[in-house]
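Q: Please read through the structure below; I'll follow up with questions.
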Amino acid sequence: MAEVKFENVTKAFGETVAVRDLDLEIHDKEFLVLVGPSGCGKTTTLRMLAGLEDTTKGRIYIDGKDVTFLPPKDRDIAMVFQSYALYPHMNVYDNMAFGLRNRLISTGMKQLRAGVTLVMWLIVIAIITVLSQVAGMIFGKPFYSMMMFGGIGAFFLALSLYPDFRLTLTWKGMIFLSRYSNLARDYIRIEKTIEERVKWAAEILEIPELLKRKPRQLSGGQRQRVALGRAMVRQPKVFLMDEPLSNLDAKLRNSMRAELASLQSKLEITTVYVTHDQVEAMTLGHRIAVMNKGVIEQIGTPDEVYSRPETLFVAGFIGTPTMNFIRGKIESDQNGLKLVSPGISLLLSESELGKRYQQLKQYTGKDVVLGIRPENVKIETEVEKAASLPGIVTFVEPIGSVTNLFFEIGRGEKITVSVEGYRKIGRGDSSTLFFPYDMMHFFNPTSGKRIC
Ligand SMILES: Nc1ncnc2c1ncn2[C@@H]1O[C@H](COP(=O)(O)OP(=O)(O)OP(=O)(O)O)[C@@H](O)[C@H]1O
Ligand SMILES: [Mg+2]
């Protein structure tokens, strides 16, 4: 169980207000994506939740507990950064184990481990000395010196070349000691738990064969998995991810995206994921929060945000190609309402728009912005329940499964139309554009808010 709540949270860096009066509730097991353009305050929001940044105002709760002033280590969260932040000198296993070790292994255990290491070394040196003495007695004095220097040299060479050797020595010492010391016994138990968890995470991420490698011996995608693994091993209440896929190439990003989504639903850990990529947001999030200039403009399921954007910003930010906007005045004559702008007159049908027609009526004589998505504009011959306008093709962009057609309507107003497959239409051709009434969005240009 882990719910997260931001209550009226503000963060200012001097004059810059990075996050303003943020109210946000993230449900248990939810995958919430925070999306918005660069500099809108996404990372700052995440860092405040992680405890890496103080809040200027407001409260943050995890599971109903006020964590606003708790240090990061007491918040039970794990963060995956864009840069992965792996330790280059540690192998994958230790990188993944690091956070958990830090949390579970006490200072006393560390001191005990260091002591055991020293004792084990002394024992090895003592064995070398004894063997050298014996060799000296049997074969003469030169053999003593040879065995002694050679043995100690080889021992230290092995220590520096094979870290596993050093670890094995310490481990053996700790196991021996665990018969007599509770502290050593706890240490062994914790290391076994860590091993289980690292292996569990490595299995899920399909990287068990990489555990002994150093980060520099890994590809970008593999490093990314290790960074994820490190967070998984902690089994935290909340995962925080700051653009974890942005360093990957497009193909890998797509496949990792799908893996992340299935991983999150398997682990059922509340996740807050930050990205500026709206496709990533739409495909990953149970809900997405669209942020602009430090404020969340809309929060909802991908479908809600796509089909009913509450502000002009959200309408323009979500969806590719971007939604078309036509700014015009609502005028009324004997045929009813029209949206009028230079060279354009679009009939607004009362019977088709229904209740929305009444809302638009209140804007008679005022400016509104009509928004319509490129995939919703039709150019087929005759579409029912749609307003129509003539347009001229200025550019054709075939991109495989769809073709983007760029039209000019009225006096130079640009409209993009996305059609499936390939169209035999070229620059300079004219066509009628149909705008289905149920796909129209109307906004107030002054407040930027949705009218209907
Ligand atoms: N330590 C800081 N000191 C001063 N200003 C900061 C600091 N950190 C962030 N800011 C400012 O706060 C605003 C929000 O920054 P933030 O890093 O949260 O943006 P973001 O949404 O994560 O952007 P991006 O997508 O580029 O990562 C920006 O204007 C940024 O310049
Ligand atoms: Mg950021």
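Note on naming: chains are A, B, ... as they come in the structure tokens, residues start from 1 per chain, ligands start from 1 in the order shown.
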As a list in words, please: every protein or nucleic acid residue near ligand 1 (cut-off 6 Å, counting only C-alpha atoms and all ligand atoms).

A: Phe13, Ala18, Pro37, Ser38, Gly39, Cys40, Gly41, Lys42, Thr43, Thr44 and His276 of chain A

Q: If you keep N, CA and C atoms, can you produce a file of those selected residues as a compact mmCIF listing (two decimals), in the first residue's frame?

A:
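File result-v8.txt, as written:
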# COMPACT_ATOMS: atom_id res chain seq x y z
N PHE A 13 13.18 28.65 -6.42
CA PHE A 13 14.64 28.83 -6.34
C PHE A 13 14.86 30.33 -6.50
N ALA A 18 9.60 27.07 -9.48
CA ALA A 18 9.68 25.86 -10.31
C ALA A 18 8.38 25.08 -10.25
N PRO A 37 6.79 20.16 -20.99
CA PRO A 37 7.99 20.60 -21.71
C PRO A 37 9.16 20.84 -20.76
N SER A 38 10.33 21.02 -21.32
CA SER A 38 11.54 21.23 -20.54
C SER A 38 11.38 22.45 -19.62
N GLY A 39 11.79 22.27 -18.38
CA GLY A 39 11.77 23.39 -17.44
C GLY A 39 10.44 23.62 -16.75
N CYS A 40 9.47 22.71 -16.93
CA CYS A 40 8.14 22.96 -16.35
C CYS A 40 8.05 22.53 -14.88
N GLY A 41 9.10 21.88 -14.37
CA GLY A 41 9.11 21.57 -12.93
C GLY A 41 8.93 20.09 -12.60
N LYS A 42 9.09 19.21 -13.59
CA LYS A 42 8.88 17.78 -13.37
C LYS A 42 9.92 17.20 -12.41
N THR A 43 11.19 17.44 -12.74
CA THR A 43 12.26 16.88 -11.91
C THR A 43 12.19 17.45 -10.50
N THR A 44 11.90 18.73 -10.39
CA THR A 44 11.79 19.35 -9.07
C THR A 44 10.70 18.66 -8.25
N HIS A 276 9.30 14.10 -20.94
CA HIS A 276 8.75 15.21 -21.73
C HIS A 276 8.19 14.67 -23.03

Q: I'd like the neighbourhood of Phe6 in chain A as a PDB file with N, CA and C atoms, in the first residue's frame, where a residue qualifies if any of its atoms comes within 9 Å (using only C-alpha atoms), though same-chain residues fewer than 2 positions away should be ignored.

A:
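Resulting contents of out-v4.pdb:
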ATOM      1  N   VAL A   4       0.477   8.550  -2.553  1.00  0.00           N
ATOM      2  CA  VAL A   4       1.302   9.742  -2.424  1.00  0.00           C
ATOM      3  C   VAL A   4       0.393  10.955  -2.558  1.00  0.00           C
ATOM      4  N   ASN A   8      -0.738  21.409  -1.830  1.00  0.00           N
ATOM      5  CA  ASN A   8      -0.418  22.832  -1.967  1.00  0.00           C
ATOM      6  C   ASN A   8       1.096  23.096  -1.934  1.00  0.00           C
ATOM      7  N   VAL A   9       1.842  22.280  -2.682  1.00  0.00           N
ATOM      8  CA  VAL A   9       3.308  22.351  -2.620  1.00  0.00           C
ATOM      9  C   VAL A   9       3.862  23.370  -3.612  1.00  0.00           C
ATOM     10  N   LEU A  22       1.044  22.952  -5.960  1.00  0.00           N
ATOM     11  CA  LEU A  22       0.759  21.646  -6.536  1.00  0.00           C
ATOM     12  C   LEU A  22      -0.118  20.797  -5.611  1.00  0.00           C
ATOM     13  N   ASP A  23      -1.258  20.379  -6.135  1.00  0.00           N
ATOM     14  CA  ASP A  23      -2.116  19.422  -5.434  1.00  0.00           C
ATOM     15  C   ASP A  23      -2.194  18.190  -6.312  1.00  0.00           C
ATOM     16  N   LEU A  24      -1.761  17.067  -5.780  1.00  0.00           N
ATOM     17  CA  LEU A  24      -1.730  15.859  -6.602  1.00  0.00           C
ATOM     18  C   LEU A  24      -1.857  14.643  -5.707  1.00  0.00           C
ATOM     19  N   GLU A  25      -2.766  13.748  -6.101  1.00  0.00           N
ATOM     20  CA  GLU A  25      -2.890  12.496  -5.345  1.00  0.00           C
ATOM     21  C   GLU A  25      -2.580  11.332  -6.276  1.00  0.00           C
ATOM     22  N   ILE A  26      -1.672  10.473  -5.851  1.00  0.00           N
ATOM     23  CA  ILE A  26      -1.301   9.316  -6.659  1.00  0.00           C
ATOM     24  C   ILE A  26      -1.795   8.086  -5.912  1.00  0.00           C
ATOM     25  N   LEU A  49       9.594  14.897  -3.713  1.00  0.00           N
ATOM     26  CA  LEU A  49       8.990  13.656  -3.200  1.00  0.00           C
ATOM     27  C   LEU A  49      10.079  12.728  -2.655  1.00  0.00           C
ATOM     28  N   GLY A  58       3.937  23.947   1.676  1.00  0.00           N
ATOM     29  CA  GLY A  58       3.090  22.778   1.431  1.00  0.00           C
ATOM     30  C   GLY A  58       3.588  21.511   2.101  1.00  0.00           C
ATOM     31  N   ARG A  59       2.833  20.433   1.906  1.00  0.00           N
ATOM     32  CA  ARG A  59       3.111  19.162   2.579  1.00  0.00           C
ATOM     33  C   ARG A  59       3.122  18.020   1.585  1.00  0.00           C
ATOM     34  N   ILE A  60       3.924  17.012   1.890  1.00  0.00           N
ATOM     35  CA  ILE A  60       3.943  15.803   1.064  1.00  0.00           C
ATOM     36  C   ILE A  60       3.672  14.611   1.982  1.00  0.00           C
ATOM     37  N   TYR A  61       2.770  13.742   1.552  1.00  0.00           N
ATOM     38  CA  TYR A  61       2.426  12.560   2.359  1.00  0.00           C
ATOM     39  C   TYR A  61       2.697  11.281   1.564  1.00  0.00           C
TER      40      TYR A  61
END

Q: Which residue is closest to Leu245 in chain A? Choose from A:Ser351, A:Asn182, A:Asn102, A:Gln82 and count only C-alpha atoms.

A: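 Checking each of A:Ser351, A:Asn182, A:Asn102, A:Gln82 against Leu245 in chain A, counting only C-alpha atoms, the winner is A:Gln82.
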
Q: Could you list, with a cut-off of 8 Å and counting only C-alpha atoms, the residues of range 56-165 of chain A near range 188-211 of chain A, each shown with its nearest atom pair and the distance in Å rounded to one decimal, rows sorted by chain and ascending number, as CSV?

A:
residue,atom,partner,partner_atom,distance
A:Asn91,CA,A:Leu211,CA,6.7
A:Val92,CA,A:Leu211,CA,4.7
A:Tyr93,CA,A:Leu211,CA,4.8
A:Met96,CA,A:Val198,CA,6.4
A:Ala97,CA,A:Ile194,CA,6.3
A:Leu100,CA,A:Ile194,CA,7.1
A:Arg101,CA,A:Ile194,CA,7.4
A:Leu104,CA,A:Ile190,CA,7.1
A:Ile105,CA,A:Ile190,CA,7.4

Q: From the list A:Leu157, A:Leu346, A:Ala114, A:Val274, which residue is nearest ligand 2 when using only C-alpha atoms and all ligand atoms?

A: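 Counting only C-alpha atoms and all ligand atoms, the residue closest to ligand 2 is A:Val274.
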
Q: From the options A:Val35, A:Ile326, A:Leu70, A:Met109, which residue's atoms come nearest to Met48 in chain A, counting only C-alpha atoms?

A: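 The shortest atom-to-atom distance to Met48 in chain A comes from A:Leu70.
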
Q: Closest to Ile379 in chain A among A:Leu433, A:Met79, A:Ile399, A:Ala289, using only C-alpha atoms?

A: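 Distance minimum relative to Ile379 in chain A lands on A:Leu433.
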
Q: Which of range 83-302 of chain A end up as helix (DSSP H, G or I) when DSSP is run on this backbone - answer as a ChimeraX atom specification?

A: /A:92-104,107-139,141-161,163-177,182-204,208-210,215-217,220-233,250-267,278-284,302

Q: Near Asp28 in chain A, within 12 Å and counting only C-alpha atoms, which residues show up once chain neighbours fewer than 3 positions away are dropped, as a list in words?

A: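 What passes the distance filter is Met1, Ala2, Glu3, Val4, Lys5, Glu25, Phe31, Leu32, Ile62, Asp63, Gly64, Lys237, Val238, Phe239, Ser265, Glu268, Ile269, Thr270, Thr271, Val272 and His286 of chain A.
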
Q: Could those residues be written to a file, using C-alpha atoms, as a CSV table (one decimal), in the first residue's frame?

A:
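Done, and the output landed in out_7.csv:
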chain,number,residue,atom,x,y,z
A,1,MET,CA,0.0,0.0,0.0
A,2,ALA,CA,1.4,3.4,-0.9
A,3,GLU,CA,-0.5,6.5,-1.8
A,4,VAL,CA,1.3,9.7,-2.4
A,5,LYS,CA,-0.2,13.1,-1.8
A,25,GLU,CA,-2.9,12.5,-5.3
A,31,PHE,CA,1.6,4.3,-12.7
A,32,LEU,CA,1.4,8.1,-12.9
A,62,ILE,CA,3.3,8.9,1.6
A,63,ASP,CA,0.7,6.5,2.9
A,64,GLY,CA,-0.9,9.2,5.0
A,237,LYS,CA,6.9,1.8,-1.4
A,238,VAL,CA,7.3,4.1,-4.4
A,239,PHE,CA,9.4,4.1,-7.5
A,265,SER,CA,2.0,-4.1,-13.3
A,268,GLU,CA,2.4,-3.4,-8.3
A,269,ILE,CA,4.6,-0.6,-6.9
A,270,THR,CA,3.2,2.9,-7.0
A,271,THR,CA,5.3,4.7,-9.7
A,272,VAL,CA,5.8,8.3,-10.6
A,286,HIS,CA,-2.6,4.7,-15.9

Q: Please determine, counting only C-alpha atoms and all ligand atoms, which residue among A:Thr322, A:Gln235, A:Ser160, A:Ser83 has the shortest atom-to-atom distance to ligand 2.

A: A:Ser83
